[in-house]
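Q: Structure file protein_39.txt (compact mmCIF, C-alpha atoms) is given on the next line.
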# COMPACT_ATOMS: atom_id res chain seq x y z
CA MET A 28 153.80 72.43 143.94
CA PRO A 29 153.69 74.60 140.79
CA ALA A 30 151.44 77.69 141.16
CA ALA A 31 149.44 76.79 138.04
CA VAL A 32 148.35 73.49 139.61
CA VAL A 33 146.63 75.16 142.59
CA PRO A 34 143.70 76.80 140.66
CA ALA A 35 143.10 73.54 138.78
CA LEU A 36 142.85 71.61 142.04
CA GLN A 37 140.49 74.22 143.46
CA ILE A 38 138.21 73.99 140.43
CA GLN A 39 138.16 70.19 140.58
CA SER A 40 137.39 70.34 144.30
CA ALA A 41 134.44 72.68 143.66
CA VAL A 42 133.08 70.41 140.90
CA ASP A 43 133.34 67.37 143.19
CA ALA A 44 131.48 69.24 145.95
CA VAL A 45 128.62 70.20 143.59
CA GLN A 46 128.40 66.58 142.34
CA ARG A 47 128.20 65.20 145.91
CA THR A 48 125.49 67.75 146.78
CA LEU A 49 123.36 66.81 143.78
CA GLU A 50 123.77 63.09 144.48
CA SER A 51 122.69 63.55 148.08
CA ASP A 52 119.65 65.70 147.21
CA PRO A 53 117.90 64.75 143.89
CA LEU A 54 115.44 67.63 144.36
CA LEU A 55 118.25 70.03 143.65
CA VAL A 56 118.73 68.32 140.30
CA VAL A 57 115.05 68.83 139.46
CA GLY A 58 115.26 72.47 140.53
CA ALA A 59 118.39 73.09 138.49
CA VAL A 60 116.83 71.55 135.40
CA GLY A 61 113.66 73.61 135.92
CA ALA A 62 115.62 76.81 136.30
CA LEU A 63 117.56 75.99 133.14
CA LEU A 64 114.32 75.45 131.20
CA VAL A 65 112.96 78.77 132.44
CA LEU A 66 116.13 80.55 131.33
CA VAL A 67 115.96 78.87 127.92
CA GLY A 68 112.31 79.92 127.58
CA LEU A 69 113.05 83.52 128.52
CA ALA A 70 115.98 83.64 126.12
CA GLY A 71 113.74 82.33 123.34
CA LEU A 72 111.09 84.97 124.12
CA VAL A 73 113.66 87.77 124.02
CA LEU A 74 115.10 86.41 120.77
CA ARG A 75 111.66 86.25 119.12
CA ARG A 76 110.98 89.84 120.13
CA LEU A 77 114.33 90.98 118.77
CA LEU A 78 113.70 89.21 115.47
CA ARG A 79 110.24 90.74 114.92
CA THR A 80 110.14 93.30 112.13
CA PRO A 81 108.76 96.78 112.83
CA GLY A 82 105.64 95.83 110.87
CA GLN A 83 105.06 92.77 113.04
CA ARG A 84 105.53 94.80 116.20
CA PHE A 85 103.16 97.51 114.95
CA VAL A 86 100.40 95.02 114.16
CA ARG A 87 100.97 93.35 117.52
CA THR A 88 100.42 96.77 119.11
CA LEU A 89 97.14 97.20 117.20
CA THR A 90 95.84 93.87 118.48
CA GLY A 91 95.93 95.21 122.03
CA TYR A 92 93.09 97.68 121.36
CA ASP A 93 89.44 97.32 120.37
CA GLU A 94 89.33 100.82 118.89
CA LEU A 95 91.86 103.50 117.96
CA ALA A 96 91.80 107.07 116.68
CA VAL A 97 94.30 107.55 113.84
CA LEU A 98 95.40 111.18 113.84
CA MET A 99 96.98 112.97 110.89
CA HIS A 100 98.86 116.25 111.20
CA PRO A 101 96.97 119.54 110.69
CA ASN A 102 95.94 120.24 107.09
CA PRO A 103 96.94 116.71 106.04
CA ASP A 104 98.76 116.06 102.78
CA PRO A 105 98.69 112.87 100.65
CA ASP A 106 101.50 111.26 102.67
CA ALA A 107 99.61 111.70 105.94
CA MET A 108 96.30 110.59 104.45
CA ALA A 109 97.88 107.52 102.85
CA CYS A 110 99.48 106.51 106.15
CA ALA A 111 96.16 106.82 107.96
CA LEU A 112 94.61 104.52 105.34
CA ALA A 113 97.46 102.04 105.87
CA VAL A 114 96.84 101.94 109.63
CA GLN A 115 93.15 101.31 108.98
CA GLU A 116 93.97 98.46 106.59
CA LEU A 117 96.32 96.81 109.09
CA ALA A 118 93.88 97.35 111.96
CA ASP A 119 91.01 95.80 109.98
CA SER A 120 93.12 92.67 109.51
CA VAL A 121 93.20 92.15 113.29
CA ASP A 122 89.61 93.32 113.96
CA THR A 123 90.58 96.64 115.55
CA ASP A 124 88.18 99.49 114.74
CA THR A 125 89.68 102.81 113.64
CA THR A 126 88.49 106.37 113.08
CA LEU A 127 90.67 108.56 110.85
CA GLN A 128 90.82 112.15 112.09
CA TYR A 129 92.62 115.45 111.44
CA SER A 130 92.63 119.09 112.46
CA GLY A 131 92.70 122.11 110.20
CA GLN A 132 91.49 121.85 106.62
CA ILE A 133 92.13 119.86 103.45
CA ARG A 134 92.61 122.77 101.05
CA HIS A 135 95.36 122.17 98.48
CA GLN A 136 93.80 121.03 95.19
CA GLU A 137 96.05 117.97 95.20
CA ASN A 138 94.92 117.07 98.72
CA ARG A 139 91.24 117.57 97.88
CA ALA A 140 91.64 115.42 94.78
CA PHE A 141 93.31 112.70 96.86
CA GLU A 142 90.39 112.67 99.30
CA THR A 143 87.71 112.76 96.60
CA VAL A 144 89.18 110.33 94.05
CA LEU A 145 89.91 107.69 96.69
CA ASP A 146 86.50 108.33 98.32
CA LEU A 147 87.96 108.72 101.80
CA ASP A 148 86.06 109.20 105.05
CA PHE A 149 87.93 111.46 107.46
CA GLU A 150 86.64 113.33 110.51
CA GLN A 151 87.71 116.86 111.39
CA VAL A 152 88.46 117.76 115.03
CA GLU A 153 88.95 121.09 116.76
CA ASP A 154 89.29 119.81 120.31
CA ALA A 155 90.79 116.73 121.96
CA ALA A 156 87.33 115.92 123.31
CA GLU A 157 86.25 115.24 119.71
CA LEU A 158 88.70 112.38 119.25
CA ALA A 159 86.86 109.09 118.72
CA VAL A 160 88.71 107.43 121.63
CA ASP A 161 91.53 108.32 124.02
CA ASP A 162 93.90 105.77 122.43
CA VAL A 163 95.58 107.54 119.50
CA VAL A 164 97.99 106.56 116.73
CA LEU A 165 99.96 109.45 115.19
CA VAL A 166 101.03 109.20 111.56
CA ASP A 167 103.36 111.53 109.65
CA HIS A 168 104.00 113.59 112.79
CA ASN A 169 105.25 112.64 116.23
CA THR A 170 103.62 115.20 118.52
CA ALA A 171 99.90 116.00 118.37
CA ARG A 172 99.21 119.64 117.49
CA GLY A 173 96.78 122.00 115.82
CA PHE A 174 93.75 121.69 118.12
CA ARG A 175 92.77 122.43 121.71
CA GLY A 176 94.10 119.89 124.17
CA ALA A 177 96.59 118.38 121.71
CA GLU A 178 99.51 118.90 124.09
CA ALA A 179 98.02 116.45 126.60
CA ILE A 180 97.78 113.53 124.17
CA GLU A 181 100.06 110.57 124.87
CA PRO A 182 99.84 108.43 121.72
CA VAL A 183 99.76 104.65 121.73
CA ALA A 184 101.98 104.54 118.64
CA VAL A 185 103.93 106.95 116.44
CA VAL A 186 105.02 106.31 112.85
CA ASP A 187 106.76 109.27 111.22
CA HIS A 188 109.70 110.55 109.18
CA HIS A 189 109.97 114.08 110.59
CA PRO A 190 112.48 115.24 113.23
CA GLY A 191 111.12 115.62 116.75
CA GLY A 192 111.11 113.94 120.11
CA GLY A 193 107.58 112.53 120.16
CA VAL A 194 107.21 108.84 121.04
CA GLY A 195 104.41 106.34 121.49
CA ARG A 196 103.93 104.54 124.78
CA ASP A 197 103.72 101.13 123.05
CA PHE A 198 105.41 101.63 119.69
CA THR A 199 107.63 104.21 117.97
CA ASP A 200 109.07 104.12 114.45
CA VAL A 201 110.51 107.49 113.41
CA ARG A 202 112.89 107.42 110.43
CA THR A 203 114.16 110.88 109.61
CA ASP A 204 116.21 109.62 106.65
CA ASN A 205 113.07 108.54 104.81
CA GLY A 206 111.62 110.91 102.24
CA ALA A 207 108.04 109.86 103.03
CA CYS A 208 106.19 108.19 105.86
CA ALA A 209 104.25 106.11 103.30
CA SER A 210 107.40 104.15 102.46
CA ILE A 211 107.53 102.93 106.08
CA PHE A 212 104.02 101.49 105.82
CA ALA A 213 104.81 99.95 102.43
CA GLU A 214 107.67 98.13 104.15
CA TYR A 215 105.28 96.89 106.85
CA PHE A 216 102.95 95.36 104.26
CA GLU A 217 105.81 93.79 102.34
CA ASP A 218 107.43 92.29 105.47
CA LEU A 219 104.02 90.90 106.49
CA ASP A 220 103.79 89.19 103.06
CA TRP A 221 100.73 91.08 101.88
CA GLU A 222 100.16 90.44 98.19
CA LEU A 223 99.42 93.01 95.52
CA ARG A 224 97.11 92.55 92.57
CA SER A 225 96.04 94.86 89.79
CA PRO A 226 92.61 96.51 90.26
CA GLU A 227 91.22 94.31 87.46
CA ASP A 228 92.28 91.14 89.28
CA GLN A 229 90.11 91.43 92.41
CA SER A 230 87.39 89.09 93.65
CA GLY A 231 84.07 89.13 91.84
CA ASP A 232 82.21 90.97 94.62
CA GLY A 233 84.64 93.87 94.50
CA GLN A 234 86.17 92.98 97.87
CA THR A 235 89.91 92.60 98.37
CA PRO A 236 90.80 89.20 99.91
CA ASP A 237 92.53 89.01 103.28
CA GLY A 238 96.28 89.55 103.03
CA VAL A 239 95.95 91.43 99.74
CA LEU A 240 96.59 95.17 99.76
CA SER A 241 93.63 97.05 98.32
CA PRO A 242 94.19 99.19 95.19
CA THR A 243 92.97 102.23 97.17
CA VAL A 244 95.69 101.88 99.80
CA ALA A 245 98.39 100.94 97.27
CA THR A 246 97.49 103.95 95.11
CA GLY A 247 97.40 106.21 98.16
CA LEU A 248 100.80 105.06 99.39
CA ILE A 249 102.52 105.46 96.04
CA TYR A 250 101.12 108.95 95.63
CA GLY A 251 102.08 109.83 99.20
CA ILE A 252 105.66 108.91 98.31
CA GLN A 253 105.55 110.80 95.02
CA SER A 254 104.07 113.89 96.65
CA ASP A 255 106.62 114.13 99.47
CA THR A 256 109.62 113.47 97.21
CA THR A 257 108.56 115.46 94.12
CA TYR A 258 108.08 112.26 92.14
CA LEU A 259 111.14 110.52 93.59
CA THR A 260 113.52 113.35 92.71
CA LYS A 261 114.11 115.09 96.06
CA GLY A 262 114.89 113.91 99.56
CA CYS A 263 114.60 110.21 98.72
CA SER A 264 116.14 107.26 100.48
CA ALA A 265 116.46 103.73 99.11
CA ASP A 266 113.27 102.90 101.04
CA GLU A 267 111.17 105.08 98.72
CA PHE A 268 112.39 103.25 95.62
CA ASP A 269 111.93 99.86 97.28
CA ALA A 270 108.41 100.83 98.32
CA ALA A 271 107.54 102.06 94.82
CA ALA A 272 108.74 98.78 93.30
CA TYR A 273 106.65 96.79 95.78
CA LEU A 274 103.49 98.90 95.35
CA TYR A 275 103.60 99.23 91.57
CA GLN A 276 101.59 96.11 90.71
CA GLY A 277 98.67 97.13 92.91
CA ILE A 278 98.09 100.75 91.87
CA ASP A 279 95.06 102.06 90.01
CA GLU A 280 96.65 104.08 87.21
CA ASP A 281 93.46 105.96 86.32
CA ARG A 282 92.86 107.19 89.86
CA LEU A 283 96.56 107.97 90.30
CA ASP A 284 96.46 110.20 87.21
CA ARG A 285 93.32 111.99 88.45
CA ILE A 286 94.96 112.75 91.79
CA ALA A 287 98.21 113.93 90.21
CA ASN A 288 96.54 116.24 87.68
CA PRO A 289 93.67 118.06 89.40
CA GLU A 290 92.25 121.36 88.23
CA VAL A 291 94.27 124.29 89.57
CA ASP A 292 92.65 127.03 91.64
CA ALA A 293 92.94 130.44 89.94
CA GLU A 294 94.33 131.98 93.13
CA VAL A 295 97.20 129.51 93.12
CA LEU A 296 98.26 130.81 89.73
CA ASP A 297 97.90 134.41 90.96
CA VAL A 298 100.03 133.74 94.06
CA LYS A 299 102.69 132.02 91.96
CA ALA A 300 102.73 135.03 89.65
CA ARG A 301 103.04 137.45 92.61
CA ALA A 302 105.85 135.38 94.10
CA ILE A 303 107.81 135.63 90.87
CA THR A 304 107.04 139.32 90.33
CA GLU A 305 107.77 140.39 93.94
CA ARG A 306 110.86 138.23 94.38
CA ASP A 307 113.99 139.69 95.94
CA VAL A 308 117.05 137.70 94.85
CA ARG A 309 120.39 138.14 96.59
CA ASN A 310 123.24 135.93 95.51
CA ALA A 311 121.59 132.47 95.28
CA PHE A 312 118.75 133.14 97.75
CA ALA A 313 115.26 134.50 97.06
CA VAL A 314 112.52 135.82 99.35
CA SER A 315 109.07 136.86 98.16
CA ASP A 316 106.17 138.41 100.09
CA VAL A 317 102.89 137.64 98.29
CA GLY A 318 100.74 139.69 100.67
CA THR A 319 97.30 138.57 101.84
CA VAL A 320 96.00 135.23 100.53
CA SER A 321 92.78 133.29 101.07
CA ASN A 322 94.38 129.93 100.23
CA VAL A 323 97.55 129.45 102.27
CA ASP A 324 98.34 126.23 100.40
CA ALA A 325 99.22 128.44 97.45
CA ILE A 326 102.30 129.63 99.38
CA PRO A 327 104.27 126.34 99.34
CA GLN A 328 103.30 125.86 95.69
CA ALA A 329 104.71 129.31 94.95
CA ALA A 330 107.91 128.33 96.78
CA ASP A 331 108.21 125.24 94.58
CA GLU A 332 107.80 127.42 91.51
CA LEU A 333 110.32 130.02 92.66
CA LEU A 334 112.99 127.39 93.31
CA ARG A 335 112.91 126.56 89.60
CA LEU A 336 114.48 129.94 88.76
CA GLU A 337 117.95 129.62 87.31
CA GLY A 338 120.68 130.45 89.79
CA VAL A 339 118.39 130.27 92.85
CA THR A 340 119.24 127.56 95.38
CA ALA A 341 117.06 128.47 98.39
CA VAL A 342 113.76 130.37 98.58
CA VAL A 343 111.21 131.48 101.16
CA VAL A 344 107.73 132.69 100.25
CA MET A 345 105.53 134.39 102.85
CA GLY A 346 101.93 135.58 102.91
CA ASP A 347 99.33 136.38 105.55
CA ARG A 348 95.86 135.15 106.37
CA ASP A 349 93.65 135.57 109.45
CA GLY A 350 96.29 137.34 111.53
CA ASN A 351 99.13 134.92 110.81
CA LEU A 352 102.12 135.18 108.52
CA HIS A 353 102.64 131.84 106.76
CA VAL A 354 106.12 130.99 105.47
CA SER A 355 107.24 128.19 103.21
CA GLY A 356 110.84 127.48 102.26
CA ARG A 357 112.62 125.26 99.77
CA SER A 358 116.33 124.51 99.47
CA ARG A 359 118.60 122.64 97.11
CA ASP A 360 121.63 124.25 98.72
CA ASP A 361 123.69 122.08 101.06
CA ARG A 362 124.51 125.19 103.10
CA VAL A 363 120.84 125.83 103.93
CA HIS A 364 118.93 123.35 106.08
CA MET A 365 115.54 124.94 105.52
CA GLY A 366 113.75 123.36 108.48
CA LYS A 367 116.42 124.46 110.97
CA THR A 368 116.72 127.87 109.31
CA LEU A 369 113.05 128.68 109.81
CA SER A 370 112.90 127.11 113.27
CA ASN A 371 115.86 129.16 114.54
CA LEU A 372 114.39 132.30 113.02
CA VAL A 373 111.06 132.19 114.87
CA GLU A 374 112.04 130.52 118.14
CA GLU A 375 111.97 133.82 120.08
CA ILE A 376 108.71 135.10 118.59
CA PRO A 377 105.68 134.23 120.76
CA LEU A 378 102.90 132.07 119.27
CA SER A 379 105.12 131.07 116.38
CA ASP A 380 106.10 127.68 115.08
CA ALA A 381 108.32 126.48 112.23
CA GLY A 382 110.42 123.49 111.21
CA GLY A 383 110.86 120.84 108.56
CA HIS A 384 113.51 118.94 106.64
CA ALA A 385 116.75 120.02 105.05
CA ARG A 386 115.06 120.54 101.69
CA MET A 387 111.74 122.02 102.78
CA GLY A 388 110.26 123.77 105.76
CA GLY A 389 107.34 125.91 106.83
CA GLY A 390 105.67 127.64 109.70
CA GLN A 391 103.52 130.50 110.84
CA ILE A 392 104.01 133.63 112.94
CA SER A 393 101.38 135.70 114.69
CA LEU A 394 101.30 139.14 113.05
CA ASP A 395 100.58 140.68 116.45
CA HIS A 396 103.81 139.23 117.77
CA LEU A 397 105.84 139.88 114.64
CA ALA A 398 106.12 143.44 115.92
CA THR A 399 108.52 142.14 118.58
CA ILE A 400 111.22 142.37 115.91
CA GLY A 401 110.09 145.73 114.48
CA PRO A 402 108.23 148.89 115.52
CA ALA A 403 105.21 148.40 113.23
CA ASP A 404 103.62 145.71 111.13
CA THR A 405 105.02 146.97 107.82
CA GLU A 406 108.49 147.58 109.21
CA ALA A 407 108.46 144.31 111.15
CA ARG A 408 107.56 142.44 107.99
CA ALA A 409 110.39 144.11 106.10
CA ASP A 410 112.77 143.35 108.95
CA PHE A 411 111.62 139.73 108.98
CA LYS A 412 112.50 139.53 105.28
CA GLU A 413 116.00 140.80 106.06
CA ARG A 414 116.31 138.24 108.84
CA LEU A 415 115.33 135.51 106.37
CA PHE A 416 118.26 136.43 104.13
CA SER A 417 120.57 136.52 107.16
CA ALA A 418 119.33 133.13 108.35
CA MET A 419 119.86 131.51 104.94
CA SER A 420 123.35 133.03 104.87
CA GLY A 421 124.10 131.46 108.26
CA ASP A 422 124.25 134.71 110.20
CA ILE A 423 121.37 133.75 112.53
Mind turning the file's structure into structure tokens?
A:
Amino acid sequence: MPAAVVPALQIQSAVDAVQRTLESDPLLVVGAVGALLVLVGLAGLVLRRLLRTPGQRFVRTLTGYDELAVLMHPNPDPDAMACALAVQELADSVDTDTTLQYSGQIRHQENRAFETVLDLDFEQVEDAAELAVDDVVLVDHNTARGFRGAEAIEPVAVVDHHPGGGVGRDFTDVRTDNGACASIFAEYFEDLDWELRSPEDQSGDGQTPDGVLSPTVATGLIYGIQSDTTYLTKGCSADEFDAAAYLYQGIDEDRLDRIANPEVDAEVLDVKARAITERDVRNAFAVSDVGTVSNVDAIPQAADELLRLEGVTAVVVMGDRDGNLHVSGRSRDDRVHMGKTLSNLVEEIPLSDAGGHARMGGGQISLDHLATIGPADTEARADFKERLFSAMSGDI
């Protein structure tokens, strides 16, 4: 008998045996059919979960809680504040209560204008015990920080665009290629089929109908995107442009203009002037020490200004306040990943923290511990400046 015939006979014999068994015991047929239905049901459940968009999964996560604390990063900027508003809007749609909280201060004139013009209600915390509830959603950062007890927080959900290993126990959406976290939430609303209407086209009682994104949130999200991408000119992905196109119809142009053009603090102008005057430029890199400041948010604004100098491709501005040296860096040089540059520079200095993206970064160093790289405060500060140049050049 040919060898190929033997397996065929064996298969036929097995099929005949199964058929005889089923004919002799009908209950096995019922059991087999039941098992098949269970498998089909489980496959359908898995498929539905796989086909859910991130926005659908995020809202599904919100429905599992009666109340949540929505936590922004310390000293929140428009992107963080807009994302907190977006979480509140989505949570309201599923009857989940939220409290929007932050640590630090809202100091930058742009940030203060954002909070005031949009009439926002945020709560400041200095300790984990002050969080509204234990269940926390993190937006625009993926690891809680900036207040006592932050390291013990295990968030329910994390939505962010910064590098880092933080995750939520129920939901995580971290997209480091995005230029702004607000564009992620804009995608959620669009995928959930939320409509947008102009501020003049709302219901007569001033309330926004269900499933319609309020002008406040739409305006906040678009400005969050603009703020983090320098008006869609730096660090953008396609998601930012898609989000802007989606949000455009629902923005309040008057309030957007008031946020974008606030009055400038006199000290900000002074710090910018000092940064330019005290700059040290070597090849294409610049470092400037602006000394003691009362408004640390003037430092990143000075860095933005310094990067505009012709021939300069990467800058770091530093200044001190309350015993800490604050640094802010900007880069348009493909050789200088600013976030990694600053992070590597301070990693061995106690009580210091720094990081960020390729194009921008920041951090702070304890002045008491800065002396670990120099014999005295003045000399340590000068040595730190030299190390900044070395780090931007790739020598550290």
Q: Using all atoms listed in the file, which protein or nucleic acid residues come within 10 Å of Asp349 in chain A? Drop anything in the same chain fewer than 4 positions from it, and give the result as number ranges by chain.
A: A: 319-321, 393-394
Q: Just C-alpha atoms for this one: save the residues we selected as a PDB file, in the coordinates of the input.
A:
ATOM      1  CA  THR A 319      97.300 138.570 101.840  1.00  0.00           C
ATOM      2  CA  VAL A 320      96.000 135.230 100.530  1.00  0.00           C
ATOM      3  CA  SER A 321      92.780 133.290 101.070  1.00  0.00           C
ATOM      4  CA  SER A 393     101.380 135.700 114.690  1.00  0.00           C
ATOM      5  CA  LEU A 394     101.300 139.140 113.050  1.00  0.00           C
TER       6      LEU A 394
END
Q: Need the shell around Thr126 in chain A: protein/DNA/RNA residues with any atom at most 10 Å away, counting only C-alpha atoms. Skip same-chain ones fewer than 5 positions apart. Format as JSON, numbers by chain?
A: {"A": [94, 95, 96, 97, 98, 111, 115, 148, 149, 150, 158, 159, 160, 163]}
Q: So that I can see what lies close to range 241-252 of chain A, please list as a short mmCIF file (atom, residue, chain, number, x, y, z; two decimals) with C-alpha atoms, in the frame of the given file the residues with an atom at most 6 Å from it, counting all atoms listed in the file and leaving out residues fewer than 3 positions away in the same chain.
A:
data_model
loop_
_atom_site.label_atom_id
_atom_site.label_comp_id
_atom_site.auth_asym_id
_atom_site.auth_seq_id
_atom_site.Cartn_x
_atom_site.Cartn_y
_atom_site.Cartn_z
CA PRO A 105 98.69 112.87 100.65
CA ASP A 106 101.50 111.26 102.67
CA ALA A 109 97.88 107.52 102.85
CA ALA A 207 108.04 109.86 103.03
CA ALA A 209 104.25 106.11 103.30
CA PRO A 226 92.61 96.51 90.26
CA THR A 235 89.91 92.60 98.37
CA ASP A 255 106.62 114.13 99.47
CA LEU A 274 103.49 98.90 95.35
CA GLY A 277 98.67 97.13 92.91
CA ILE A 278 98.09 100.75 91.87
CA ASP A 279 95.06 102.06 90.01
#
Q: Residues within 6 Å of range 334-345 of chain A, please, as an MDAnalysis selection string. Count only C-alpha atoms; anything in the same chain fewer than 6 positions from it doesn't count.
A: chainID A and resid 311:316 353:360
Q: Give me, as a ChimeraX atom specification, all polymer residues having an atom no more than 8 Å from Val317 in chain A, counting only C-alpha atoms and skipping those fewer than 5 positions away in the same chain.
A: /A:298,301-302,305,344-346
Q: Rank A:Glu181, A:Asp104, A:Asp187, A:Asp331 by their smallest atom-to-atom distance to Thr257 in chain A, using only C-alpha atoms, and report the top residue only.
A: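 With only C-alpha atoms as the atom set, the closest residue is A:Asp331.
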Q: Here is a test: counting all atoms listed in the file, which residue of A:Lys299, A:Lys261, A:Arg202, A:His189 is nearest to His384 in chain A?
A: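 So, comparing all the options, the nearest one is A:His189.
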Q: Between A:Glu178, A:Asp167, A:Asp266, A:Asp218, which residue has the minimum interatomic distance to Pro190 in chain A, considering all atoms listed in the file?
A: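 Closest to Pro190 in chain A of all the choices is A:Asp167.
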Q: Select all residues near (97.5, 113.5, 120.3) (cut-off 10 Å, inclusive, file coordinates), counting all atoms listed in the file, and output them as a list in words.
A: Ala96, Val97, Leu98, Met99, His100, Ala155, Leu158, Asp161, Asp162, Val163, Val164, Leu165, His168, Asn169, Thr170, Ala171, Arg172, Gly173, Phe174, Gly176, Ala177, Glu178, Ala179, Ile180, Glu181, Pro182, Val183 and Val185 of chain A
Q: Write out, as a CSV table (one decimal), in the frame of the given file, the residues just selected, with C-alpha atoms.
A:
chain,number,residue,atom,x,y,z
A,96,ALA,CA,91.8,107.1,116.7
A,97,VAL,CA,94.3,107.6,113.8
A,98,LEU,CA,95.4,111.2,113.8
A,99,MET,CA,97.0,113.0,110.9
A,100,HIS,CA,98.9,116.2,111.2
A,155,ALA,CA,90.8,116.7,122.0
A,158,LEU,CA,88.7,112.4,119.2
A,161,ASP,CA,91.5,108.3,124.0
A,162,ASP,CA,93.9,105.8,122.4
A,163,VAL,CA,95.6,107.5,119.5
A,164,VAL,CA,98.0,106.6,116.7
A,165,LEU,CA,100.0,109.4,115.2
A,168,HIS,CA,104.0,113.6,112.8
A,169,ASN,CA,105.2,112.6,116.2
A,170,THR,CA,103.6,115.2,118.5
A,171,ALA,CA,99.9,116.0,118.4
A,172,ARG,CA,99.2,119.6,117.5
A,173,GLY,CA,96.8,122.0,115.8
A,174,PHE,CA,93.8,121.7,118.1
A,176,GLY,CA,94.1,119.9,124.2
A,177,ALA,CA,96.6,118.4,121.7
A,178,GLU,CA,99.5,118.9,124.1
A,179,ALA,CA,98.0,116.4,126.6
A,180,ILE,CA,97.8,113.5,124.2
A,181,GLU,CA,100.1,110.6,124.9
A,182,PRO,CA,99.8,108.4,121.7
A,183,VAL,CA,99.8,104.6,121.7
A,185,VAL,CA,103.9,107.0,116.4
Q: So, counting all atoms listed in the file, which residue among A:Gly383, A:Glu137, A:Arg79, A:Val114 is closest to Asp284 in chain A?
A: A:Glu137
Q: Quick one, how far is CA of Thr80 in chain A from CA of Pro101 in chain A?
A: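 Between these atoms lies a distance of 29.4 Å.
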Q: Report, as lines of an AutoDock Vina configuration file, the centre and edge lengths in Å (one decimal) of the axis-aligned box enclosing every listed atom of range 381-397 of chain A, padded by 3 Å on each side.
A:
center_x = 108.7
center_y = 129.8
center_z = 109.7
size_x = 22.2
size_y = 27.7
size_z = 22.1
Q: CA of Gly238 in chain A and CA of Glu214 in chain A, how far apart in Å?
A: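 Result for CA of Glu214 in chain A versus CA of Gly238 in chain A: 14.3 Å, one decimal.
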Q: Report, in Å to a single decimal, how far apart CA of Val201 in chain A and CA of Gly421 in chain A are.
A: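 CA of Val201 in chain A lies at a distance of 28.0 Å from CA of Gly421 in chain A.
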Q: Residues within 9 Å of (101.5, 129.2, 115.5), file coordinates, counting only C-alpha atoms: what are they? Give the list as a compact mmCIF listing (two decimals) with C-alpha atoms, keeping the file's coordinate frame.
A:
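What ended up in out.txt:
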# COMPACT_ATOMS: atom_id res chain seq x y z
CA GLY A 173 96.78 122.00 115.82
CA ASN A 351 99.13 134.92 110.81
CA PRO A 377 105.68 134.23 120.76
CA LEU A 378 102.90 132.07 119.27
CA SER A 379 105.12 131.07 116.38
CA ASP A 380 106.10 127.68 115.08
CA ALA A 381 108.32 126.48 112.23
CA GLY A 390 105.67 127.64 109.70
CA GLN A 391 103.52 130.50 110.84
CA ILE A 392 104.01 133.63 112.94
CA SER A 393 101.38 135.70 114.69
Q: Looking at A:Glu116, A:Glu157, A:Glu332, A:Glu413, which one is nearest to Gln128 in chain A, with distances taken over all atoms listed in the file?
A: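 For Gln128 in chain A, the nearest of the candidates is A:Glu157.
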Q: Point out the residue among A:Asp292, A:Glu222, A:Glu406, A:Asp361 with the least atom-to-atom distance to Ala385 in chain A, counting only C-alpha atoms.
A: A:Asp361
